[in-house]
Every structure is written in C-alpha cells, then in structure tokens.
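Asker: Got a structure for you, written out below as structure tokens; questions coming shortly.
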Amino acid sequence: MEIKFEWHTTKITEDQKKKAEEELTNKINHHYDQIIKTPTFLLIVSLYDKNPKYLITGSAISVEGETTRQVIKEITYNSGIEFKFD
C-alpha cells in the first residue's frame with residue numbers, strides 16, 4: 001500500500017512535515033488492521049493547519065480502483081498523533 005500525503009498548510013515547515021509523515025506512516029502501519037478493512041492500493045492522507053488547538057489536523061481515504069472510502073475520519077497532531085476511526 002502506498003501512502004500519499006496532501007498538505008494544505010501554510011505554517012508548517014518542511015522539517016515538521018517530514019517528522020509528521022514519518023510518525024503518521026509508523027502509526028498507520030501499526031494500526032493497519034483497524035484502518036484498512038479491505039485490500040487497498042493507495043491511502044491518501046490530507047492534512048491541514050487551520051485548527052488552533054492542534055499543529056495539524058486531517059483525515060484519510062483509501063483508494064481501490066474507482067472506489068474511495070474514508071478510513072480515518074480524524075487525525076490530530078501536536079506532540080503525538082491521535083486517530084479516530086470509522
């Protein structure tokens with residue numbers, strides 16, 4: 001499975017993005033069975049910096065052919081990452 005990060009941010013540095021992508025990838029791989037219910041070719045993680053409570057917020061969808069499905073409905077990140085699943 002490929003993980004693609006889409007950044008919709010203006011305040012996040014490249015170093016912060018790199019660190020967040022590494023942590024997100026590790027956490028997604030650790031929780032793979034909870035996140036991915038069916039085989040998935042691509043996971044698109046969209047990230048934003050608009051919520052003042054968090055450094056980064058976002059969500060993720062899985063893509064298989066023409067089918068997409070939201071698999072992480074909320075991602076929050078300050079000093080650590082939290083997920084809310086469907």
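Residues are referred to by chain and number: the chain letter is A, B, ... according to the order shown in the structure tokens, the number counts from 1 in that chain, and ligands are numbered separately from 1 in the order shown.
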List every residue of chain A that DSSP, applied to the backbone, labels as strand (DSSP E), and write the result as a PyMOL selection string.

Answerer: chain A and resi 2-8+42-48+56-64+67-77+81-85

Asker: For the residues in that selection, give me N, CA and C atoms as an mmCIF file, in the first residue's frame.

Answerer:
data_model
loop_
_atom_site.group_PDB
_atom_site.id
_atom_site.type_symbol
_atom_site.label_atom_id
_atom_site.label_comp_id
_atom_site.auth_asym_id
_atom_site.auth_seq_id
_atom_site.Cartn_x
_atom_site.Cartn_y
_atom_site.Cartn_z
ATOM 1 N N GLU A 2 0.553 2.150 -0.888
ATOM 2 C CA GLU A 2 1.250 3.432 -0.958
ATOM 3 C C GLU A 2 0.500 4.438 -0.095
ATOM 4 N N ILE A 3 1.236 5.278 0.632
ATOM 5 C CA ILE A 3 0.641 6.353 1.410
ATOM 6 C C ILE A 3 1.062 7.672 0.766
ATOM 7 N N LYS A 4 0.061 8.468 0.396
ATOM 8 C CA LYS A 4 0.321 9.772 -0.216
ATOM 9 C C LYS A 4 -0.168 10.852 0.740
ATOM 10 N N PHE A 5 0.696 11.823 1.021
ATOM 11 C CA PHE A 5 0.347 12.923 1.904
ATOM 12 C C PHE A 5 0.025 14.155 1.075
ATOM 13 N N GLU A 6 -1.120 14.755 1.367
ATOM 14 C CA GLU A 6 -1.520 16.014 0.737
ATOM 15 C C GLU A 6 -1.519 17.084 1.819
ATOM 16 N N TRP A 7 -0.640 18.054 1.681
ATOM 17 C CA TRP A 7 -0.509 19.119 2.672
ATOM 18 C C TRP A 7 -1.269 20.350 2.217
ATOM 19 N N HIS A 8 -2.187 20.819 3.045
ATOM 20 C CA HIS A 8 -2.960 22.035 2.806
ATOM 21 C C HIS A 8 -2.633 22.985 3.960
ATOM 22 N N LEU A 42 -3.941 2.480 -2.379
ATOM 23 C CA LEU A 42 -3.454 3.814 -2.042
ATOM 24 C C LEU A 42 -4.225 4.364 -0.854
ATOM 25 N N LEU A 43 -3.507 4.998 0.060
ATOM 26 C CA LEU A 43 -4.113 5.711 1.176
ATOM 27 C C LEU A 43 -3.704 7.178 1.024
ATOM 28 N N ILE A 44 -4.701 8.061 0.920
ATOM 29 C CA ILE A 44 -4.430 9.490 0.778
ATOM 30 C C ILE A 44 -4.733 10.158 2.117
ATOM 31 N N VAL A 45 -3.705 10.792 2.675
ATOM 32 C CA VAL A 45 -3.824 11.475 3.954
ATOM 33 C C VAL A 45 -3.789 12.975 3.684
ATOM 34 N N SER A 46 -4.895 13.658 3.983
ATOM 35 C CA SER A 46 -4.988 15.108 3.790
ATOM 36 C C SER A 46 -4.777 15.796 5.129
ATOM 37 N N LEU A 47 -3.876 16.775 5.146
ATOM 38 C CA LEU A 47 -3.503 17.427 6.403
ATOM 39 C C LEU A 47 -3.639 18.941 6.294
ATOM 40 N N TYR A 48 -4.085 19.554 7.406
ATOM 41 C CA TYR A 48 -4.369 20.989 7.464
ATOM 42 C C TYR A 48 -3.769 21.596 8.734
ATOM 43 N N ILE A 56 -1.504 20.112 13.512
ATOM 44 C CA ILE A 56 -2.001 19.539 12.263
ATOM 45 C C ILE A 56 -3.296 18.775 12.551
ATOM 46 N N THR A 57 -4.261 18.855 11.635
ATOM 47 C CA THR A 57 -5.454 18.006 11.672
ATOM 48 C C THR A 57 -5.632 17.417 10.277
ATOM 49 N N GLY A 58 -6.456 16.388 10.170
ATOM 50 C CA GLY A 58 -6.681 15.815 8.849
ATOM 51 C C GLY A 58 -7.549 14.585 8.888
ATOM 52 N N SER A 59 -7.546 13.876 7.754
ATOM 53 C CA SER A 59 -8.294 12.628 7.603
ATOM 54 C C SER A 59 -7.621 11.821 6.498
ATOM 55 N N ALA A 60 -8.118 10.602 6.278
ATOM 56 C CA ALA A 60 -7.523 9.743 5.252
ATOM 57 C C ALA A 60 -8.595 8.933 4.545
ATOM 58 N N ILE A 61 -8.387 8.734 3.245
ATOM 59 C CA ILE A 61 -9.263 7.879 2.457
ATOM 60 C C ILE A 61 -8.436 6.783 1.801
ATOM 61 N N SER A 62 -9.072 5.638 1.611
ATOM 62 C CA SER A 62 -8.433 4.556 0.869
ATOM 63 C C SER A 62 -8.969 4.577 -0.560
ATOM 64 N N VAL A 63 -8.114 4.189 -1.489
ATOM 65 C CA VAL A 63 -8.476 4.170 -2.900
ATOM 66 C C VAL A 63 -8.180 2.790 -3.453
ATOM 67 N N GLU A 64 -9.192 2.196 -4.066
ATOM 68 C CA GLU A 64 -9.016 0.918 -4.758
ATOM 69 C C GLU A 64 -9.811 1.002 -6.042
ATOM 70 N N THR A 67 -13.122 3.155 -6.385
ATOM 71 C CA THR A 67 -13.781 3.231 -5.089
ATOM 72 C C THR A 67 -12.901 3.937 -4.062
ATOM 73 N N THR A 68 -13.483 4.917 -3.358
ATOM 74 C CA THR A 68 -12.796 5.561 -2.246
ATOM 75 C C THR A 68 -13.645 5.399 -0.996
ATOM 76 N N ARG A 69 -12.977 5.364 0.147
ATOM 77 C CA ARG A 69 -13.682 5.202 1.416
ATOM 78 C C ARG A 69 -12.883 5.905 2.501
ATOM 79 N N GLN A 70 -13.561 6.709 3.311
ATOM 80 C CA GLN A 70 -12.873 7.362 4.419
ATOM 81 C C GLN A 70 -12.551 6.303 5.471
ATOM 82 N N VAL A 71 -11.278 6.181 5.815
ATOM 83 C CA VAL A 71 -10.863 5.150 6.768
ATOM 84 C C VAL A 71 -10.355 5.738 8.082
ATOM 85 N N ILE A 72 -9.908 6.975 8.054
ATOM 86 C CA ILE A 72 -9.576 7.693 9.287
ATOM 87 C C ILE A 72 -10.361 8.994 9.217
ATOM 88 N N LYS A 73 -11.340 9.138 10.093
ATOM 89 C CA LYS A 73 -12.176 10.323 9.980
ATOM 90 C C LYS A 73 -11.564 11.536 10.656
ATOM 91 N N GLU A 74 -10.623 11.338 11.571
ATOM 92 C CA GLU A 74 -9.964 12.483 12.179
ATOM 93 C C GLU A 74 -8.556 12.121 12.607
ATOM 94 N N ILE A 75 -7.618 12.965 12.216
ATOM 95 C CA ILE A 75 -6.230 12.873 12.656
ATOM 96 C C ILE A 75 -5.932 14.185 13.372
ATOM 97 N N THR A 76 -5.388 14.098 14.576
ATOM 98 C CA THR A 76 -4.911 15.291 15.265
ATOM 99 C C THR A 76 -3.461 15.075 15.663
ATOM 100 N N TYR A 77 -2.695 16.159 15.611
ATOM 101 C CA TYR A 77 -1.266 16.048 15.887
ATOM 102 C C TYR A 77 -0.792 17.296 16.606
ATOM 103 N N ILE A 81 0.374 11.765 17.768
ATOM 104 C CA ILE A 81 -0.705 11.602 16.798
ATOM 105 C C ILE A 81 -1.857 10.835 17.430
ATOM 106 N N GLU A 82 -3.070 11.297 17.185
ATOM 107 C CA GLU A 82 -4.276 10.601 17.603
ATOM 108 C C GLU A 82 -5.140 10.359 16.370
ATOM 109 N N PHE A 83 -5.750 9.173 16.306
ATOM 110 C CA PHE A 83 -6.647 8.801 15.211
ATOM 111 C C PHE A 83 -8.036 8.577 15.765
ATOM 112 N N LYS A 84 -9.062 8.873 14.951
ATOM 113 C CA LYS A 84 -10.426 8.420 15.200
ATOM 114 C C LYS A 84 -10.843 7.647 13.959
ATOM 115 N N PHE A 85 -11.190 6.379 14.159
ATOM 116 C CA PHE A 85 -11.560 5.505 13.063
ATOM 117 C C PHE A 85 -13.065 5.551 12.875
#

Asker: Taking only chain A into account, list the residues labelled alpha helix (DSSP H) by DSSP (computed from the backbone), as a count of residues only.

Answerer: 21

Asker: Need the shell around A:Lys19: protein/DNA/RNA residues with any atom at most 12 Å away, counting only C-alpha atoms. Skip same-chain ones fewer than 4 positions apart. Format as a ChimeraX atom specification?

Answerer: /A:12-15,23-26,56,77-81

Asker: Those same residues - C-alpha atoms - I'd like them written as a PDB file, in the first residue's frame.

Answerer:
ATOM      1  CA  ILE A  12       4.227  24.001   8.786  1.00  0.00           C
ATOM      2  CA  THR A  13       7.942  23.784   7.945  1.00  0.00           C
ATOM      3  CA  GLU A  14       9.416  21.092   5.709  1.00  0.00           C
ATOM      4  CA  ASP A  15      11.130  19.542   8.754  1.00  0.00           C
ATOM      5  CA  GLU A  23       5.186   9.351  12.592  1.00  0.00           C
ATOM      6  CA  LEU A  24       1.936   9.016  10.646  1.00  0.00           C
ATOM      7  CA  THR A  25       3.357   6.249   8.459  1.00  0.00           C
ATOM      8  CA  ASN A  26       4.526   4.335  11.540  1.00  0.00           C
ATOM      9  CA  ILE A  56      -2.001  19.539  12.263  1.00  0.00           C
ATOM     10  CA  TYR A  77      -1.266  16.048  15.887  1.00  0.00           C
ATOM     11  CA  ASN A  78       0.538  18.155  18.460  1.00  0.00           C
ATOM     12  CA  SER A  79       3.340  16.327  20.232  1.00  0.00           C
ATOM     13  CA  GLY A  80       1.811  12.978  19.256  1.00  0.00           C
ATOM     14  CA  ILE A  81      -0.705  11.602  16.798  1.00  0.00           C
TER      15      ILE A  81
END

Asker: Between atom CA of A:Ile36 and atom CA of A:Glu66, what is the distance in Å, rounded to a tenth?

Answerer: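 For atom CA of A:Ile36 relative to atom CA of A:Glu66, the distance reads 16.5 Å.
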
Asker: May I ask for the distance between atom CA of A:Thr40 and atom CA of A:Thr9, given in Å to one decimal place?

Answerer: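 Rounded to one decimal, the two atoms are 26.3 Å apart.
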
Asker: Report, in Å with one decimal, the straight-line distance from atom CA of A:Lys53 to atom CA of A:Lys11.

Answerer: 13.8 Å
